[in-house]
>>> print(open('upload13.cif').read())   # mmCIF, C-alpha atoms
data_final
#
loop_
_atom_site.label_atom_id
_atom_site.label_comp_id
_atom_site.auth_asym_id
_atom_site.auth_seq_id
_atom_site.Cartn_x
_atom_site.Cartn_y
_atom_site.Cartn_z
CA PHE A 1 0.00 0.00 0.00
CA THR A 2 2.93 2.32 0.67
CA ARG A 3 4.00 1.98 -2.97
CA LEU A 4 0.44 2.59 -4.20
CA ALA A 5 0.10 5.70 -2.05
CA ALA A 6 3.41 7.00 -3.43
CA VAL A 7 2.38 6.33 -7.05
CA MET A 8 -0.88 8.13 -6.38
CA GLY A 9 1.10 11.16 -5.20
CA ARG A 10 -0.47 10.69 -1.77
CA PRO A 11 2.32 9.15 0.37
CA GLU A 12 0.62 10.49 3.51
CA LEU A 13 -2.13 7.90 3.06
CA ALA A 14 0.29 5.15 4.12
CA GLU A 15 0.74 6.90 7.47
CA ASP A 16 -2.95 7.71 7.97
CA GLU A 17 -4.30 5.52 10.80
CA ARG A 18 -7.33 4.65 8.63
CA TYR A 19 -5.04 2.97 6.08
CA ALA A 20 -1.75 2.26 7.87
CA THR A 21 -2.42 -1.46 8.43
CA HIS A 22 -4.11 -4.19 6.47
CA SER A 23 -6.90 -4.40 9.06
CA ALA A 24 -7.41 -0.65 9.05
CA ARG A 25 -7.63 -0.61 5.25
CA GLY A 26 -10.19 -3.42 5.44
CA ALA A 27 -12.27 -1.50 7.98
CA ASN A 28 -12.17 1.59 5.73
CA MET A 29 -12.36 -0.22 2.41
CA ALA A 30 -15.29 1.71 0.92
CA GLU A 31 -13.65 5.08 1.51
CA LEU A 32 -10.26 3.84 0.32
CA ASP A 33 -11.79 2.27 -2.80
CA GLN A 34 -13.36 5.64 -3.63
CA LEU A 35 -10.01 7.42 -3.27
CA ILE A 36 -8.25 4.90 -5.50
CA ALA A 37 -11.09 4.87 -8.05
CA ALA A 38 -11.11 8.66 -8.29
CA TRP A 39 -7.35 8.70 -8.84
CA SER A 40 -7.26 5.80 -11.33
CA ALA A 41 -10.14 7.26 -13.40
CA ASN A 42 -7.65 9.87 -14.67
CA PHE A 43 -5.71 7.29 -16.72
CA PRO A 44 -6.37 5.11 -19.74
CA ALA A 45 -6.06 1.46 -18.68
CA GLU A 46 -2.67 0.77 -20.27
CA GLU A 47 -1.14 3.95 -18.86
CA LEU A 48 -2.50 3.15 -15.41
CA LEU A 49 -1.01 -0.36 -15.53
CA ALA A 50 2.36 0.99 -16.65
CA THR A 51 2.32 3.61 -13.89
CA LEU A 52 1.48 1.04 -11.25
CA HIS A 53 4.07 -1.45 -12.51
CA ASP A 54 6.74 1.26 -12.69
CA GLY A 55 5.97 2.03 -9.04
CA GLY A 56 6.25 -1.62 -8.00
CA VAL A 57 2.51 -2.03 -7.43
CA PRO A 58 1.13 -5.41 -8.51
CA ALA A 59 -1.80 -4.82 -10.85
CA GLY A 60 -3.64 -6.42 -13.71
CA ARG A 61 -6.62 -5.85 -15.91
CA ILE A 62 -10.04 -7.25 -15.12
CA TYR A 63 -11.03 -8.87 -18.35
CA LYS A 64 -14.33 -9.23 -20.09
CA ALA A 65 -14.67 -12.28 -22.33
CA LYS A 66 -13.75 -10.31 -25.47
CA ASP A 67 -10.53 -9.13 -23.80
CA MET A 68 -9.46 -12.73 -23.21
CA PHE A 69 -9.88 -13.60 -26.90
CA ASP A 70 -7.72 -10.60 -27.88
CA ASP A 71 -4.96 -11.04 -25.28
CA PRO A 72 -1.65 -12.30 -26.74
CA HIS A 73 -0.72 -14.00 -23.45
CA PHE A 74 -3.96 -16.00 -23.46
CA ALA A 75 -3.25 -16.99 -27.08
CA ALA A 76 0.35 -18.00 -26.35
CA ARG A 77 -0.78 -20.17 -23.43
CA ASP A 78 -3.70 -21.69 -25.39
CA ALA A 79 -5.87 -20.53 -22.49
CA ILE A 80 -8.99 -20.54 -24.67
CA VAL A 81 -9.79 -23.60 -26.77
CA LYS A 82 -12.60 -24.33 -29.20
CA VAL A 83 -14.46 -27.61 -28.99
CA PRO A 84 -17.36 -28.99 -31.04
CA HIS A 85 -20.85 -28.63 -29.59
CA PRO A 86 -24.00 -30.24 -31.03
CA ASP A 87 -26.14 -27.11 -30.58
CA PHE A 88 -23.65 -24.26 -30.98
CA GLY A 89 -21.22 -25.61 -33.54
CA GLU A 90 -17.89 -24.55 -32.10
CA LEU A 91 -17.77 -23.46 -28.47
CA ALA A 92 -14.89 -21.45 -27.00
CA MET A 93 -14.04 -22.32 -23.43
CA GLN A 94 -11.22 -22.13 -20.90
CA ASN A 95 -8.48 -24.68 -21.29
CA VAL A 96 -7.08 -26.77 -18.44
CA VAL A 97 -5.48 -24.65 -15.70
CA PRO A 98 -2.74 -24.84 -14.67
CA LYS A 99 -1.10 -25.83 -17.92
CA LEU A 100 1.84 -28.03 -16.95
CA SER A 101 4.61 -28.65 -19.47
CA ALA A 102 4.94 -32.40 -18.81
CA SER A 103 1.20 -33.08 -18.45
CA PRO A 104 -0.73 -30.15 -19.94
CA GLY A 105 -4.11 -31.89 -20.09
CA SER A 106 -6.74 -31.05 -22.66
CA VAL A 107 -10.40 -30.25 -23.11
CA ARG A 108 -11.96 -32.99 -25.21
CA SER A 109 -15.58 -31.86 -25.23
CA ALA A 110 -17.96 -29.20 -24.00
CA GLY A 111 -19.49 -31.80 -21.69
CA PRO A 112 -22.38 -34.20 -21.97
CA ALA A 113 -25.98 -33.21 -22.59
CA LEU A 114 -28.31 -33.34 -19.61
CA GLY A 115 -29.05 -37.00 -18.94
CA GLN A 116 -26.74 -38.26 -21.67
CA HIS A 117 -25.08 -40.84 -19.40
CA ASN A 118 -28.06 -41.78 -17.25
CA GLU A 119 -28.38 -45.33 -18.63
CA GLU A 120 -24.67 -45.98 -18.05
CA ILE A 121 -25.02 -44.80 -14.45
CA TYR A 122 -28.23 -46.75 -13.81
CA LYS A 123 -26.87 -49.99 -15.21
CA GLY A 124 -23.13 -49.75 -14.58
CA LEU A 125 -22.66 -47.76 -11.39
CA LEU A 126 -25.98 -48.60 -9.71
CA GLY A 127 -26.35 -52.08 -11.17
CA LEU A 128 -30.05 -51.64 -12.06
CA ASP A 129 -31.64 -53.92 -14.64
CA GLU A 130 -34.08 -52.83 -17.37
CA GLN A 131 -37.12 -53.84 -15.29
CA GLU A 132 -36.03 -51.74 -12.29
CA ILE A 133 -35.21 -48.77 -14.52
CA LYS A 134 -38.69 -48.97 -16.11
CA ARG A 135 -40.29 -49.21 -12.65
CA LEU A 136 -38.39 -46.13 -11.43
CA HIS A 137 -39.38 -44.25 -14.60
CA SER A 138 -43.04 -45.17 -14.11
CA ALA A 139 -42.90 -44.04 -10.49
CA GLY A 140 -41.41 -40.69 -11.56
CA VAL A 141 -38.22 -41.32 -9.58
CA ILE A 142 -36.00 -41.04 -12.64
#
>>> encode(input="upload13.cif", output="structure tokens")
Amino acid sequence: FTRLAAVMGRPELAEDERYATHSARGANMAELDQLIAAWSANFPAEELLATLHDGGVPAGRIYKAKDMFDDPHFAARDAIVKVPHPDFGELAMQNVVPKLSASPGSVRSAGPALGQHNEEIYKGLLGLDEQEIKRLHSAGVI
């Protein structure tokens, strides 16, 4: 917070008892958020990030979905993958996280349709036979 206060041109905030400790900042979060928001509203996003980074303040953008598709880092990490979907054609979705170099994992599908694997569960996992499945259907249980 000391670095942020300095970058904001308000180093005295770090000494202010309302903001001097983590707990104090938490107790005064709404007021502090307003101060930071008012200051940061004076900068375009990229300039603000550069200013914060130059001052040693950890910061990052809060992305909307479109931002993720356009981000070169997301592209380089294959963070968004496209998989086939029976209703939507091709569906973009998040890839496996974290992406490990020796075992990166993969997204193979968008997921099953609702109820797609019911019969496998009823018969395989639960060990139900056709007669019991029909009885449960008739009773409105499944």
>>> residues_near_point(input="upload13.cif", point="(-3.2, 0.1, -15.8)", cutoff="12 Å", atoms="only C-alpha atoms", output="PyMOL selection string")
chain A and resi 39-55+57-62
>>> atom_distance(input="upload13.cif", atom1="atom CA of A:Val107", atom2="atom CA of A:Glu90")
13.0 Å
>>> atom_distance(input="upload13.cif", atom1="atom CA of A:Pro86", atom2="atom CA of A:Gln116")
12.6 Å
>>> residues_around(input="upload13.cif", residues="stretch 30-37 of chain A", least_positions_apart="2", cutoff="10 Å", atoms="only C-alpha atoms", output="VMD selection string")
chain A and resid 4 to 5 8 13 18 to 19 25 to 28 39 to 42
>>> atom_distance(input="upload13.cif", atom1="atom CA of A:Ser101", atom2="atom CA of A:Asp70")
23.4 Å
>>> closest_residue(input="upload13.cif", among="A:Ala65, A:Glu130, A:Val97, A:Ile142", to="A:Asn118", atoms="only C-alpha atoms")
A:Ile142
>>> closest_residue(input="upload13.cif", among="A:Leu125, A:Ala92, A:Ala113, A:Ile133", to="A:Phe69", atoms="only C-alpha atoms")
A:Ala92
>>> resolve_selection(input="upload13.cif", expression="the PyMOL selection byres ((chain A and resi 95) around 8)", output="list in words")
Asp78, Ala79, Ile80, Val81, Met93, Gln94, Val96, Val97, Ser106 and Val107 of chain A
>>> closest_residue(input="upload13.cif", among="A:Ile121, A:Lys99, A:Gly111, A:Gly56", to="A:Ala76", atoms="all atoms listed in the file")
A:Lys99
>>> resolve_selection(input="upload13.cif", expression="the PyMOL selection byres ((chain A and resi 2) around 9)", output="list in words")
Phe1, Arg3, Leu4, Ala5, Ala6, Val7, Pro11, Glu12, Leu13, Ala14, Glu15 and Ala20 of chain A
>>> closest_residue(input="upload13.cif", among="A:Pro72, A:Pro98, A:Pro112, A:Gly127", to="A:His85", atoms="all atoms listed in the file")
A:Pro112
>>> axis_aligned_box(input="upload13.cif", around="stretch 25-37 of chain A", padding_each_side="6 Å", output="lines of an AutoDock Vina configuration file")
center_x = -11.5
center_y = 2.0
center_z = 0.0
size_x = 19.7
size_y = 22.8
size_z = 28.0
>>> build_atoms(input="upload13.cif", residues="stretch 67-102 of chain A", atoms="N, CA and C atoms", output="short mmCIF file (atom, residue, chain, number, x, y, z; two decimals), in the frame of the given file")
data_model
loop_
_atom_site.label_atom_id
_atom_site.label_comp_id
_atom_site.auth_asym_id
_atom_site.auth_seq_id
_atom_site.Cartn_x
_atom_site.Cartn_y
_atom_site.Cartn_z
N ASP A 67 -11.92 -9.45 -24.10
CA ASP A 67 -10.53 -9.13 -23.80
C ASP A 67 -9.66 -10.39 -23.78
N MET A 68 -10.21 -11.48 -23.27
CA MET A 68 -9.46 -12.73 -23.21
C MET A 68 -9.14 -13.25 -24.61
N PHE A 69 -10.10 -13.12 -25.53
CA PHE A 69 -9.88 -13.60 -26.90
C PHE A 69 -8.81 -12.77 -27.60
N ASP A 70 -8.66 -11.51 -27.22
CA ASP A 70 -7.72 -10.60 -27.88
C ASP A 70 -6.35 -10.55 -27.22
N ASP A 71 -6.20 -11.16 -26.05
CA ASP A 71 -4.96 -11.04 -25.28
C ASP A 71 -3.88 -11.98 -25.82
N PRO A 72 -2.70 -11.45 -26.17
CA PRO A 72 -1.65 -12.30 -26.74
C PRO A 72 -1.14 -13.34 -25.74
N HIS A 73 -1.16 -13.03 -24.45
CA HIS A 73 -0.72 -14.00 -23.45
C HIS A 73 -1.68 -15.19 -23.40
N PHE A 74 -2.97 -14.91 -23.44
CA PHE A 74 -3.96 -16.00 -23.46
C PHE A 74 -3.73 -16.87 -24.69
N ALA A 75 -3.48 -16.24 -25.84
CA ALA A 75 -3.25 -16.99 -27.08
C ALA A 75 -1.99 -17.84 -26.97
N ALA A 76 -0.92 -17.27 -26.46
CA ALA A 76 0.35 -18.00 -26.35
C ALA A 76 0.23 -19.20 -25.41
N ARG A 77 -0.61 -19.09 -24.40
CA ARG A 77 -0.78 -20.17 -23.43
C ARG A 77 -1.91 -21.13 -23.82
N ASP A 78 -2.54 -20.89 -24.98
CA ASP A 78 -3.70 -21.69 -25.39
C ASP A 78 -4.73 -21.75 -24.27
N ALA A 79 -4.96 -20.60 -23.64
CA ALA A 79 -5.87 -20.53 -22.49
C ALA A 79 -7.33 -20.69 -22.91
N ILE A 80 -7.64 -20.37 -24.14
CA ILE A 80 -8.99 -20.54 -24.67
C ILE A 80 -8.92 -21.56 -25.81
N VAL A 81 -9.75 -22.59 -25.72
CA VAL A 81 -9.79 -23.60 -26.77
C VAL A 81 -11.20 -23.65 -27.36
N LYS A 82 -11.29 -24.17 -28.55
CA LYS A 82 -12.60 -24.33 -29.20
C LYS A 82 -12.87 -25.82 -29.34
N VAL A 83 -14.06 -26.21 -28.92
CA VAL A 83 -14.46 -27.61 -28.99
C VAL A 83 -15.81 -27.71 -29.70
N PRO A 84 -16.08 -28.83 -30.35
CA PRO A 84 -17.36 -28.99 -31.04
C PRO A 84 -18.51 -29.11 -30.04
N HIS A 85 -19.65 -28.55 -30.42
CA HIS A 85 -20.85 -28.63 -29.59
C HIS A 85 -22.03 -28.92 -30.51
N PRO A 86 -22.91 -29.86 -30.14
CA PRO A 86 -24.00 -30.24 -31.03
C PRO A 86 -25.01 -29.12 -31.31
N ASP A 87 -25.17 -28.20 -30.38
CA ASP A 87 -26.14 -27.11 -30.58
C ASP A 87 -25.52 -25.81 -31.06
N PHE A 88 -24.27 -25.55 -30.69
CA PHE A 88 -23.65 -24.26 -30.98
C PHE A 88 -22.54 -24.32 -32.02
N GLY A 89 -22.30 -25.48 -32.58
CA GLY A 89 -21.22 -25.61 -33.54
C GLY A 89 -19.89 -25.70 -32.81
N GLU A 90 -19.17 -24.60 -32.79
CA GLU A 90 -17.89 -24.55 -32.10
C GLU A 90 -18.05 -23.67 -30.87
N LEU A 91 -17.61 -24.17 -29.73
CA LEU A 91 -17.77 -23.46 -28.47
C LEU A 91 -16.40 -23.14 -27.89
N ALA A 92 -16.16 -21.87 -27.63
CA ALA A 92 -14.89 -21.45 -27.00
C ALA A 92 -15.03 -21.59 -25.50
N MET A 93 -14.01 -22.16 -24.88
CA MET A 93 -14.04 -22.32 -23.43
C MET A 93 -12.62 -22.33 -22.87
N GLN A 94 -12.53 -22.17 -21.55
CA GLN A 94 -11.22 -22.13 -20.90
C GLN A 94 -10.56 -23.48 -20.99
N ASN A 95 -9.27 -23.47 -21.25
CA ASN A 95 -8.48 -24.68 -21.29
C ASN A 95 -8.15 -25.12 -19.87
N VAL A 96 -7.48 -26.24 -19.74
CA VAL A 96 -7.08 -26.77 -18.44
C VAL A 96 -6.11 -25.80 -17.77
N VAL A 97 -6.35 -25.53 -16.49
CA VAL A 97 -5.48 -24.65 -15.70
C VAL A 97 -5.13 -25.39 -14.42
N PRO A 98 -3.89 -25.41 -13.98
CA PRO A 98 -2.74 -24.84 -14.67
C PRO A 98 -2.29 -25.73 -15.81
N LYS A 99 -1.63 -25.10 -16.77
CA LYS A 99 -1.10 -25.83 -17.92
C LYS A 99 0.33 -26.24 -17.57
N LEU A 100 0.52 -27.51 -17.33
CA LEU A 100 1.84 -28.03 -16.95
C LEU A 100 2.56 -28.53 -18.19
N SER A 101 3.87 -28.29 -18.25
CA SER A 101 4.61 -28.65 -19.47
C SER A 101 4.68 -30.16 -19.68
N ALA A 102 4.83 -30.96 -18.63
CA ALA A 102 4.94 -32.40 -18.81
C ALA A 102 3.57 -33.08 -18.93
#
